[in-house]
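J.: Here you go, entry34.cif (mmCIF, C-alpha atoms, pLDDT in the B column; chains and numbers go by the auth columns):
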```
data_model
loop_
_atom_site.group_PDB
_atom_site.id
_atom_site.type_symbol
_atom_site.label_atom_id
_atom_site.label_comp_id
_atom_site.label_asym_id
_atom_site.label_seq_id
_atom_site.Cartn_x
_atom_site.Cartn_y
_atom_site.Cartn_z
_atom_site.B_iso_or_equiv
_atom_site.auth_seq_id
_atom_site.auth_asym_id
ATOM 1 C CA MET A 1 -22.383 7.529 -4.127 42.00 1 Q
ATOM 2 C CA ALA A 2 -19.090 9.419 -3.967 48.00 2 Q
ATOM 3 C CA ARG A 3 -16.075 7.610 -5.350 69.00 3 Q
ATOM 4 C CA VAL A 4 -13.137 7.114 -3.020 81.00 4 Q
ATOM 5 C CA GLU A 5 -9.489 7.057 -3.939 88.00 5 Q
ATOM 6 C CA THR A 6 -7.837 3.675 -4.470 92.00 6 Q
ATOM 7 C CA PRO A 7 -4.136 2.729 -4.497 93.00 7 Q
ATOM 8 C CA ALA A 8 -2.204 3.310 -7.694 93.00 8 Q
ATOM 9 C CA TYR A 9 -1.294 0.188 -9.639 96.00 9 Q
ATOM 10 C CA GLU A 10 -0.605 -0.847 -13.202 97.00 10 Q
ATOM 11 C CA VAL A 11 -2.180 -3.997 -14.619 97.00 11 Q
ATOM 12 C CA THR A 12 0.742 -5.849 -16.190 96.00 12 Q
ATOM 13 C CA GLU A 13 -1.376 -8.777 -17.392 96.00 13 Q
ATOM 14 C CA ARG A 14 -5.044 -9.744 -17.517 95.00 14 Q
ATOM 15 C CA ALA A 15 -5.246 -13.485 -17.051 90.00 15 Q
ATOM 16 C CA ALA A 16 -8.009 -16.083 -16.833 79.00 16 Q
ATOM 17 C CA GLY A 17 -11.383 -14.787 -15.672 85.00 17 Q
ATOM 18 C CA ALA A 18 -11.046 -11.829 -13.314 93.00 18 Q
ATOM 19 C CA ILE A 19 -7.395 -12.460 -12.411 97.00 19 Q
ATOM 20 C CA GLU A 20 -4.855 -9.678 -12.886 97.00 20 Q
ATOM 21 C CA LEU A 21 -1.133 -9.341 -12.348 97.00 21 Q
ATOM 22 C CA ARG A 22 -0.379 -5.878 -10.988 97.00 22 Q
ATOM 23 C CA ARG A 23 2.453 -3.565 -10.027 98.00 23 Q
ATOM 24 C CA TYR A 24 1.566 -1.331 -7.059 97.00 24 Q
ATOM 25 C CA ALA A 25 3.155 2.056 -6.399 96.00 25 Q
ATOM 26 C CA PRO A 26 4.640 2.713 -2.943 96.00 26 Q
ATOM 27 C CA MET A 27 2.098 3.704 -0.285 96.00 27 Q
ATOM 28 C CA VAL A 28 1.686 4.623 3.355 97.00 28 Q
ATOM 29 C CA VAL A 29 -0.811 2.692 5.461 97.00 29 Q
ATOM 30 C CA ALA A 30 -2.336 2.888 8.910 97.00 30 Q
ATOM 31 C CA GLU A 31 -2.775 -0.571 10.391 96.00 31 Q
ATOM 32 C CA THR A 32 -3.761 -2.370 13.552 96.00 32 Q
ATOM 33 C CA ASP A 33 -3.674 -5.966 14.799 95.00 33 Q
ATOM 34 C CA VAL A 34 -6.920 -7.321 16.203 94.00 34 Q
ATOM 35 C CA PRO A 35 -7.525 -10.708 17.858 92.00 35 Q
ATOM 36 C CA GLY A 36 -10.510 -12.892 17.052 89.00 36 Q
ATOM 37 C CA ASP A 37 -12.244 -14.332 14.038 88.00 37 Q
ATOM 38 C CA ARG A 38 -12.242 -12.525 10.682 88.00 38 Q
ATOM 39 C CA ASP A 39 -15.643 -10.851 10.999 87.00 39 Q
ATOM 40 C CA ALA A 40 -15.151 -9.589 14.562 90.00 40 Q
ATOM 41 C CA ALA A 41 -11.601 -8.438 13.788 92.00 41 Q
ATOM 42 C CA ALA A 42 -12.767 -6.568 10.682 91.00 42 Q
ATOM 43 C CA GLY A 43 -15.327 -4.573 12.645 92.00 43 Q
ATOM 44 C CA ALA A 44 -13.036 -3.822 15.579 95.00 44 Q
ATOM 45 C CA GLY A 45 -10.081 -2.932 13.352 95.00 45 Q
ATOM 46 C CA PHE A 46 -12.225 -0.711 11.146 94.00 46 Q
ATOM 47 C CA ARG A 47 -13.440 1.270 14.177 96.00 47 Q
ATOM 48 C CA ILE A 48 -9.883 1.735 15.503 97.00 48 Q
ATOM 49 C CA LEU A 49 -8.590 2.968 12.136 97.00 49 Q
ATOM 50 C CA ALA A 50 -11.690 5.083 11.399 95.00 50 Q
ATOM 51 C CA SER A 51 -11.127 6.908 14.686 97.00 51 Q
ATOM 52 C CA TYR A 52 -7.575 7.706 13.512 97.00 52 Q
ATOM 53 C CA ILE A 53 -8.646 9.106 10.123 96.00 53 Q
ATOM 54 C CA PHE A 54 -11.590 11.009 11.654 96.00 54 Q
ATOM 55 C CA GLY A 55 -9.181 13.045 13.811 96.00 55 Q
ATOM 56 C CA ASN A 56 -7.901 10.886 16.687 96.00 56 Q
ATOM 57 C CA ASN A 57 -4.344 11.888 15.852 96.00 57 Q
ATOM 58 C CA ARG A 58 -1.835 14.405 17.223 96.00 58 Q
ATOM 59 C CA SER A 59 -2.771 17.143 14.703 96.00 59 Q
ATOM 60 C CA LYS A 60 -6.522 16.343 14.863 97.00 60 Q
ATOM 61 C CA ALA A 61 -6.456 16.137 11.049 96.00 61 Q
ATOM 62 C CA LYS A 62 -9.254 14.431 9.170 96.00 62 Q
ATOM 63 C CA ILE A 63 -7.945 12.088 6.474 95.00 63 Q
ATOM 64 C CA ALA A 64 -10.017 11.145 3.430 93.00 64 Q
ATOM 65 C CA MET A 65 -11.319 7.560 3.391 90.00 65 Q
ATOM 66 C CA THR A 66 -9.795 5.405 0.674 92.00 66 Q
ATOM 67 C CA ALA A 67 -10.537 1.906 -0.572 92.00 67 Q
ATOM 68 C CA PRO A 68 -9.951 -0.915 -0.193 93.00 68 Q
ATOM 69 C CA VAL A 69 -9.843 -1.826 3.456 92.00 69 Q
ATOM 70 C CA GLU A 70 -7.450 -4.765 3.632 91.00 70 Q
ATOM 71 C CA GLN A 71 -7.523 -7.667 6.028 91.00 71 Q
ATOM 72 C CA ALA A 72 -4.699 -10.196 6.275 90.00 72 Q
ATOM 73 C CA PRO A 73 -3.366 -12.713 8.789 85.00 73 Q
ATOM 74 C CA SER A 74 -0.974 -10.943 11.129 75.00 74 Q
ATOM 75 C CA GLU A 75 2.595 -12.134 11.335 57.00 75 Q
ATOM 76 C CA LYS A 76 4.930 -11.856 14.286 42.00 76 Q
ATOM 77 C CA ILE A 77 7.432 -9.944 12.153 33.00 77 Q
ATOM 78 C CA ALA A 78 6.674 -6.506 10.731 37.00 78 Q
ATOM 79 C CA MET A 79 4.443 -6.726 7.681 34.00 79 Q
ATOM 80 C CA THR A 80 4.524 -4.484 4.642 35.00 80 Q
ATOM 81 C CA ALA A 81 1.226 -4.977 2.885 34.00 81 Q
ATOM 82 C CA PRO A 82 -2.329 -2.109 2.025 39.00 82 Q
ATOM 83 C CA VAL A 83 -7.604 -1.033 3.880 49.00 83 Q
ATOM 84 C CA GLU A 84 -6.623 -5.035 4.153 55.00 84 Q
ATOM 85 C CA GLN A 85 -7.456 -8.031 6.285 56.00 85 Q
ATOM 86 C CA ALA A 86 -5.316 -11.127 6.881 55.00 86 Q
ATOM 87 C CA PRO A 87 -5.157 -13.741 9.691 55.00 87 Q
ATOM 88 C CA ARG A 88 -2.523 -13.424 12.417 51.00 88 Q
ATOM 89 C CA ALA A 89 -0.235 -16.296 13.283 52.00 89 Q
ATOM 90 C CA ASN A 90 -1.752 -16.250 16.768 58.00 90 Q
ATOM 91 C CA GLY A 91 -5.325 -16.240 15.477 69.00 91 Q
ATOM 92 C CA GLY A 92 -5.880 -12.526 14.836 88.00 92 Q
ATOM 93 C CA TRP A 93 -5.894 -10.199 11.860 93.00 93 Q
ATOM 94 C CA THR A 94 -4.118 -7.110 10.576 94.00 94 Q
ATOM 95 C CA ILE A 95 -6.522 -4.477 9.249 95.00 95 Q
ATOM 96 C CA ARG A 96 -5.114 -1.716 6.989 95.00 96 Q
ATOM 97 C CA PHE A 97 -6.299 1.599 5.612 95.00 97 Q
ATOM 98 C CA ILE A 98 -4.276 2.957 2.720 95.00 98 Q
ATOM 99 C CA LEU A 99 -3.621 6.657 3.228 96.00 99 Q
ATOM 100 C CA PRO A 100 -4.174 9.073 0.320 95.00 100 Q
ATOM 101 C CA PRO A 101 -1.030 9.432 -1.819 94.00 101 Q
ATOM 102 C CA GLU A 102 -0.236 12.961 -0.594 94.00 102 Q
ATOM 103 C CA TYR A 103 0.842 11.460 2.751 96.00 103 Q
ATOM 104 C CA SER A 104 4.366 10.277 3.471 97.00 104 Q
ATOM 105 C CA MET A 105 5.656 8.729 6.687 97.00 105 Q
ATOM 106 C CA GLU A 106 6.820 12.217 7.657 97.00 106 Q
ATOM 107 C CA SER A 107 3.567 14.043 6.853 97.00 107 Q
ATOM 108 C CA ALA A 108 0.974 11.488 8.041 97.00 108 Q
ATOM 109 C CA PRO A 109 -0.621 12.574 11.333 97.00 109 Q
ATOM 110 C CA GLU A 110 0.804 10.790 14.371 97.00 110 Q
ATOM 111 C CA PRO A 111 -1.753 8.361 15.846 98.00 111 Q
ATOM 112 C CA LEU A 112 -2.841 8.951 19.444 98.00 112 Q
ATOM 113 C CA ASP A 113 -4.042 5.350 19.818 98.00 113 Q
ATOM 114 C CA ALA A 114 -1.051 3.059 20.469 97.00 114 Q
ATOM 115 C CA ARG A 115 -2.836 0.269 18.570 97.00 115 Q
ATOM 116 C CA VAL A 116 -2.476 2.224 15.299 98.00 116 Q
ATOM 117 C CA ARG A 117 0.850 2.159 13.510 97.00 117 Q
ATOM 118 C CA LEU A 118 1.960 3.748 10.261 98.00 118 Q
ATOM 119 C CA ALA A 119 4.025 1.865 7.695 97.00 119 Q
ATOM 120 C CA ARG A 120 5.493 2.595 4.277 97.00 120 Q
ATOM 121 C CA ILE A 121 5.006 -0.153 1.761 95.00 121 Q
ATOM 122 C CA GLU A 122 7.424 -0.143 -1.141 96.00 122 Q
ATOM 123 C CA ALA A 123 6.420 -0.774 -4.749 97.00 123 Q
ATOM 124 C CA ARG A 124 5.516 -4.425 -5.254 97.00 124 Q
ATOM 125 C CA SER A 125 3.886 -6.914 -7.580 98.00 125 Q
ATOM 126 C CA ALA A 126 0.691 -8.813 -6.890 98.00 126 Q
ATOM 127 C CA ALA A 127 -1.729 -11.354 -8.287 98.00 127 Q
ATOM 128 C CA ALA A 128 -5.369 -10.478 -7.638 98.00 128 Q
ATOM 129 C CA VAL A 129 -8.807 -11.838 -8.393 97.00 129 Q
ATOM 130 C CA ARG A 130 -11.810 -9.495 -8.319 95.00 130 Q
ATOM 131 C CA PHE A 131 -15.325 -10.647 -7.421 95.00 131 Q
ATOM 132 C CA SER A 132 -18.648 -9.352 -6.167 94.00 132 Q
ATOM 133 C CA GLY A 133 -20.815 -10.799 -3.453 92.00 133 Q
ATOM 134 C CA ARG A 134 -20.795 -11.209 0.280 89.00 134 Q
ATOM 135 C CA TRP A 135 -17.676 -11.439 2.457 84.00 135 Q
ATOM 136 C CA THR A 136 -18.404 -14.968 3.576 87.00 136 Q
ATOM 137 C CA LYS A 137 -15.753 -17.546 4.376 88.00 137 Q
ATOM 138 C CA PRO A 138 -16.964 -19.861 1.542 91.00 138 Q
ATOM 139 C CA ASN A 139 -16.956 -17.005 -1.015 91.00 139 Q
ATOM 140 C CA LEU A 140 -13.464 -15.880 0.019 93.00 140 Q
ATOM 141 C CA GLY A 141 -12.321 -19.532 -0.032 93.00 141 Q
ATOM 142 C CA VAL A 142 -13.508 -20.122 -3.611 95.00 142 Q
ATOM 143 C CA HIS A 143 -11.632 -17.084 -4.893 95.00 143 Q
ATOM 144 C CA THR A 144 -8.524 -17.789 -2.820 96.00 144 Q
ATOM 145 C CA ASP A 145 -8.448 -21.328 -4.275 96.00 145 Q
ATOM 146 C CA GLU A 146 -8.874 -19.907 -7.798 96.00 146 Q
ATOM 147 C CA LEU A 147 -5.925 -17.562 -7.286 96.00 147 Q
ATOM 148 C CA ASP A 148 -3.820 -20.325 -5.638 96.00 148 Q
ATOM 149 C CA THR A 149 -4.384 -22.588 -8.678 96.00 149 Q
ATOM 150 C CA PHE A 150 -3.438 -19.793 -11.089 96.00 150 Q
ATOM 151 C CA MET A 151 -0.281 -18.933 -9.154 96.00 151 Q
ATOM 152 C CA LYS A 152 0.876 -22.552 -8.920 96.00 152 Q
ATOM 153 C CA ALA A 153 0.368 -22.989 -12.672 95.00 153 Q
ATOM 154 C CA ARG A 154 2.443 -19.833 -13.287 94.00 154 Q
ATOM 155 C CA GLY A 155 5.145 -20.637 -10.719 95.00 155 Q
ATOM 156 C CA LEU A 156 4.421 -17.439 -8.780 96.00 156 Q
ATOM 157 C CA THR A 157 5.534 -17.324 -5.140 96.00 157 Q
ATOM 158 C CA PRO A 158 3.470 -15.369 -2.602 96.00 158 Q
ATOM 159 C CA ASP A 159 5.232 -13.049 -0.171 94.00 159 Q
ATOM 160 C CA GLY A 160 2.880 -13.784 2.716 92.00 160 Q
ATOM 161 C CA PRO A 161 -0.703 -14.925 3.193 93.00 161 Q
ATOM 162 C CA ALA A 162 -3.691 -14.007 1.033 94.00 162 Q
ATOM 163 C CA VAL A 163 -5.017 -10.516 1.681 95.00 163 Q
ATOM 164 C CA TYR A 164 -8.736 -9.741 1.475 95.00 164 Q
ATOM 165 C CA ALA A 165 -9.556 -6.308 0.065 94.00 165 Q
ATOM 166 C CA PHE A 166 -13.024 -4.803 0.460 93.00 166 Q
ATOM 167 C CA TYR A 167 -13.917 -1.683 -1.531 91.00 167 Q
ATOM 168 C CA ASP A 168 -17.519 -1.130 -0.444 87.00 168 Q
ATOM 169 C CA GLY A 169 -19.337 -0.806 2.852 82.00 169 Q
ATOM 170 C CA PRO A 170 -21.733 -3.367 4.312 80.00 170 Q
ATOM 171 C CA PHE A 171 -24.784 -1.435 3.109 85.00 171 Q
ATOM 172 C CA THR A 172 -23.781 -1.734 -0.573 88.00 172 Q
ATOM 173 C CA PRO A 173 -25.953 -4.417 -2.207 91.00 173 Q
ATOM 174 C CA PHE A 174 -23.877 -7.620 -2.309 91.00 174 Q
ATOM 175 C CA PHE A 175 -24.107 -7.896 -6.107 91.00 175 Q
ATOM 176 C CA MET A 176 -22.556 -4.417 -6.497 92.00 176 Q
ATOM 177 C CA ARG A 177 -19.628 -4.927 -4.106 90.00 177 Q
ATOM 178 C CA ARG A 178 -16.042 -4.972 -5.319 92.00 178 Q
ATOM 179 C CA ASN A 179 -13.944 -7.468 -3.377 94.00 179 Q
ATOM 180 C CA GLU A 180 -10.540 -8.953 -4.092 96.00 180 Q
ATOM 181 C CA VAL A 181 -8.213 -11.646 -2.922 97.00 181 Q
ATOM 182 C CA ILE A 182 -4.634 -10.461 -3.380 97.00 182 Q
ATOM 183 C CA TYR A 183 -1.296 -12.188 -3.025 97.00 183 Q
ATOM 184 C CA TYR A 184 1.681 -9.879 -2.948 96.00 184 Q
ATOM 185 C CA LEU A 185 4.531 -11.596 -4.756 97.00 185 Q
ATOM 186 C CA LYS A 186 8.195 -12.161 -4.066 90.00 186 Q
ATOM 187 C CA ASP A 187 10.066 -10.051 -6.615 77.00 187 Q
#
```
Let me see whether you can do it: turn the structure in this file into structure tokens.

T.:
Amino acid sequence: MARVETPAYEVTERAAGAIELRRYAPMVVAETDVPGDRDAAAGAGFRILASYIFGNNRSKAKIAMTAPVEQAPSEKIAMTAPVEQAPRANGGWTIRFILPPEYSMESAPEPLDARVRLARIEARSAAAVRFSGRWTKPNLGVHTDELDTFMKARGLTPDGPAVYAFYDGPFTPFFMRRNEVIYYLKD
């Protein structure tokens, strides 16, 4: 299997178990908000963003796939977070693809689909826990709770909801998948 590019970050501390404190470099993302439950939103959002990187953009450029795909709850204000998934305040999710580092806001192809927006995310710190397995609600819950407990013990304040980061596709055996729960932190 070909390796895909991942966002640049420095591990500033390895903590208990698979928890890391990180410092991410700035990045440009393509993101979309999708209504519905997490699973349905992930699939719909992935298809919208995949269309963008496969050439549904003003210059018809194909953009290399990167990992992770992030999913996080959407907020009513503009979010700056990486592909990700998180719940929206109104029950939906924001799905994000991180663009390869050679793209800036000025050089990234303009989306043709109005549901796709580009955003620059500045350098930021995060707490993350890595795990393998399926993307089930109970599995995500266990690791979110683990990270919540760690952050409370350390006095770390999240800058938004937990973000779910998925590095491998659905056909990767569950025991080989790289998944993360990430909290970006208030600096």

J.: Could you list, as a PyMOL selection string, every residue within 9 Å of Glu5 of chain Q, counting all atoms listed in the file and ignoring same-chain residues fewer than 6 positions away?

T.: chain Q and resi 64-68+100

J.: Any idea what's packed within 9 Å of Ala30 of chain Q, counting all atoms listed in the file, ignoring anything in its chain fewer than 3 positions away? Could you give it as a PyMOL selection string?

T.: chain Q and resi 49+52-53+82-83+95-99+111+116-119

J.: Box for segment 169-176 of chain Q: with edges along x, y and z, all listed atoms inside and 6 Å added on each side, what are the centre and edge lengths in Å to one decimal, as AutoDock Vina command-line options?

T.:
```
--center_x -22.6 --center_y -4.4 --center_z -1.1 --size_x 18.6 --size_y 19.1 --size_z 22.8
```

J.: For segment 162-175 of chain Q, find every residue with an atom within 8 Å (counting all atoms listed in the file), except residues of its own chain fewer than 5 positions away, and show them as a count of residues only.

T.: 21

J.: Atom CA of Gly43 of chain Q and atom CA of Ala114 of chain Q, how far apart in Å?

T.: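 Taking atom CA of Ala114 of chain Q as the start and atom CA of Gly43 of chain Q as the end point, the length is 18.0 Å.
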
J.: Of the candidates Q:Pro26, Q:Pro161, Q:Gly36, Q:Gly155, which shows the shortest atom-to-atom distance to Ile121 of chain Q, using only C-alpha atoms?

T.: Q:Pro26

J.: Taking into account all atoms listed in the file, which residue in the set Q:Pro158, Q:Arg115, Q:Trp93, Q:Ser107 is nearest to Asp37 of chain Q?

T.: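 That would be Q:Trp93, the residue with the smallest distance to Asp37 of chain Q.
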
J.: Since I can't run it myself right now, could you work out what the PyMOL selection byres ((chain Q and resi 101) around 8) selects here and report it as number ranges by chain?

T.: Q: 7, 27-28, 99-100, 102-104

J.: Find, counting only C-alpha atoms, the residue in Q:Leu185, Q:Ala42, Q:Val29, Q:Ala126 that gets nearest to Pro109 of chain Q.

T.: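 Closest to Pro109 of chain Q of all the choices is Q:Val29.
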
J.: Within 6 Å of (-5.4, -10.4, 13.1) (coordinates as in the file), grab all the protein and nucleic acid residues, counting all atoms listed in the file, and write them out as a list of chain:residue names.

T.: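 The requested residues, written out, are Q:Asp33, Q:Val34, Q:Pro35, Q:Pro73, Q:Ser74, Q:Pro87, Q:Arg88, Q:Gly92, Q:Trp93, Q:Thr94.
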
J.: Please provide the set of residues having any atom within 10 Å of Asp148 of chain Q, restricted to only C-alpha atoms, with same-chain residues fewer than 3 positions apart removed, written as a PDB file with C-alpha atoms, in the frame of the given file.

T.:
```
ATOM      1  CA  ALA Q 127      -1.729 -11.354  -8.287  1.00 98.00           C
ATOM      2  CA  VAL Q 142     -13.508 -20.122  -3.611  1.00 95.00           C
ATOM      3  CA  HIS Q 143     -11.632 -17.084  -4.893  1.00 95.00           C
ATOM      4  CA  THR Q 144      -8.524 -17.789  -2.820  1.00 96.00           C
ATOM      5  CA  ASP Q 145      -8.448 -21.328  -4.275  1.00 96.00           C
ATOM      6  CA  MET Q 151      -0.281 -18.933  -9.154  1.00 96.00           C
ATOM      7  CA  LYS Q 152       0.876 -22.552  -8.920  1.00 96.00           C
ATOM      8  CA  ALA Q 153       0.368 -22.989 -12.672  1.00 95.00           C
ATOM      9  CA  ARG Q 154       2.443 -19.833 -13.287  1.00 94.00           C
ATOM     10  CA  LEU Q 156       4.421 -17.439  -8.780  1.00 96.00           C
ATOM     11  CA  THR Q 157       5.534 -17.324  -5.140  1.00 96.00           C
ATOM     12  CA  PRO Q 158       3.470 -15.369  -2.602  1.00 96.00           C
ATOM     13  CA  ALA Q 162      -3.691 -14.007   1.033  1.00 94.00           C
ATOM     14  CA  TYR Q 183      -1.296 -12.188  -3.025  1.00 97.00           C
TER      15      TYR Q 183
END
```

J.: Atom CA of Ala123 of chain Q to atom CA of Asp159 of chain Q: how many Å, to one decimal?

T.: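 Taking atom CA of Ala123 of chain Q and atom CA of Asp159 of chain Q, their separation equals 13.2 Å.
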
J.: Between atom CA of Lys137 of chain Q and atom CA of Glu31 of chain Q, what is the distance, to one decimal in Å?

T.: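 Taking atom CA of Lys137 of chain Q and atom CA of Glu31 of chain Q, their separation equals 22.2 Å.
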
J.: Quick one: apply the PyMOL selection byres ((chain Q and resi 8) around 7) to the file and drop the selected residues here as a list in words.

T.: Thr6, Pro7, Tyr9, Tyr24 and Ala25 of chain Q

J.: Which residues, named as in the file, does the PyMOL selection byres ((chain Q and resi 22) around 6) pick out? Answer as a list in words.

T.: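 That expression, the PyMOL selection byres ((chain Q and resi 22) around 6), corresponds here to Glu10, Val11, Thr12, Leu21, Arg23, Ser125 and Ala126 of chain Q.
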
J.: Would you mind exporting C-alpha atoms of the selected residues as a PDB file, keeping the file's coordinate frame?

T.:
```pdb
ATOM      1  CA  GLU Q  10      -0.605  -0.847 -13.202  1.00 97.00           C
ATOM      2  CA  VAL Q  11      -2.180  -3.997 -14.619  1.00 97.00           C
ATOM      3  CA  THR Q  12       0.742  -5.849 -16.190  1.00 96.00           C
ATOM      4  CA  LEU Q  21      -1.133  -9.341 -12.348  1.00 97.00           C
ATOM      5  CA  ARG Q  23       2.453  -3.565 -10.027  1.00 98.00           C
ATOM      6  CA  SER Q 125       3.886  -6.914  -7.580  1.00 98.00           C
ATOM      7  CA  ALA Q 126       0.691  -8.813  -6.890  1.00 98.00           C
TER       8      ALA Q 126
END
```

J.: If we count only C-alpha atoms and set the cut-off at 12 Å, which residues sit around Gly17 of chain Q, ignoring sequence neighbours fewer than 2 positions away in its own chain? Please answer as a list in words.

T.: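 Residues meeting the cut-off are Glu13, Arg14, Ala15, Ile19, Glu20, Ala128, Val129, Arg130, Phe131, His143, Glu146, Leu147 and Phe150 of chain Q.
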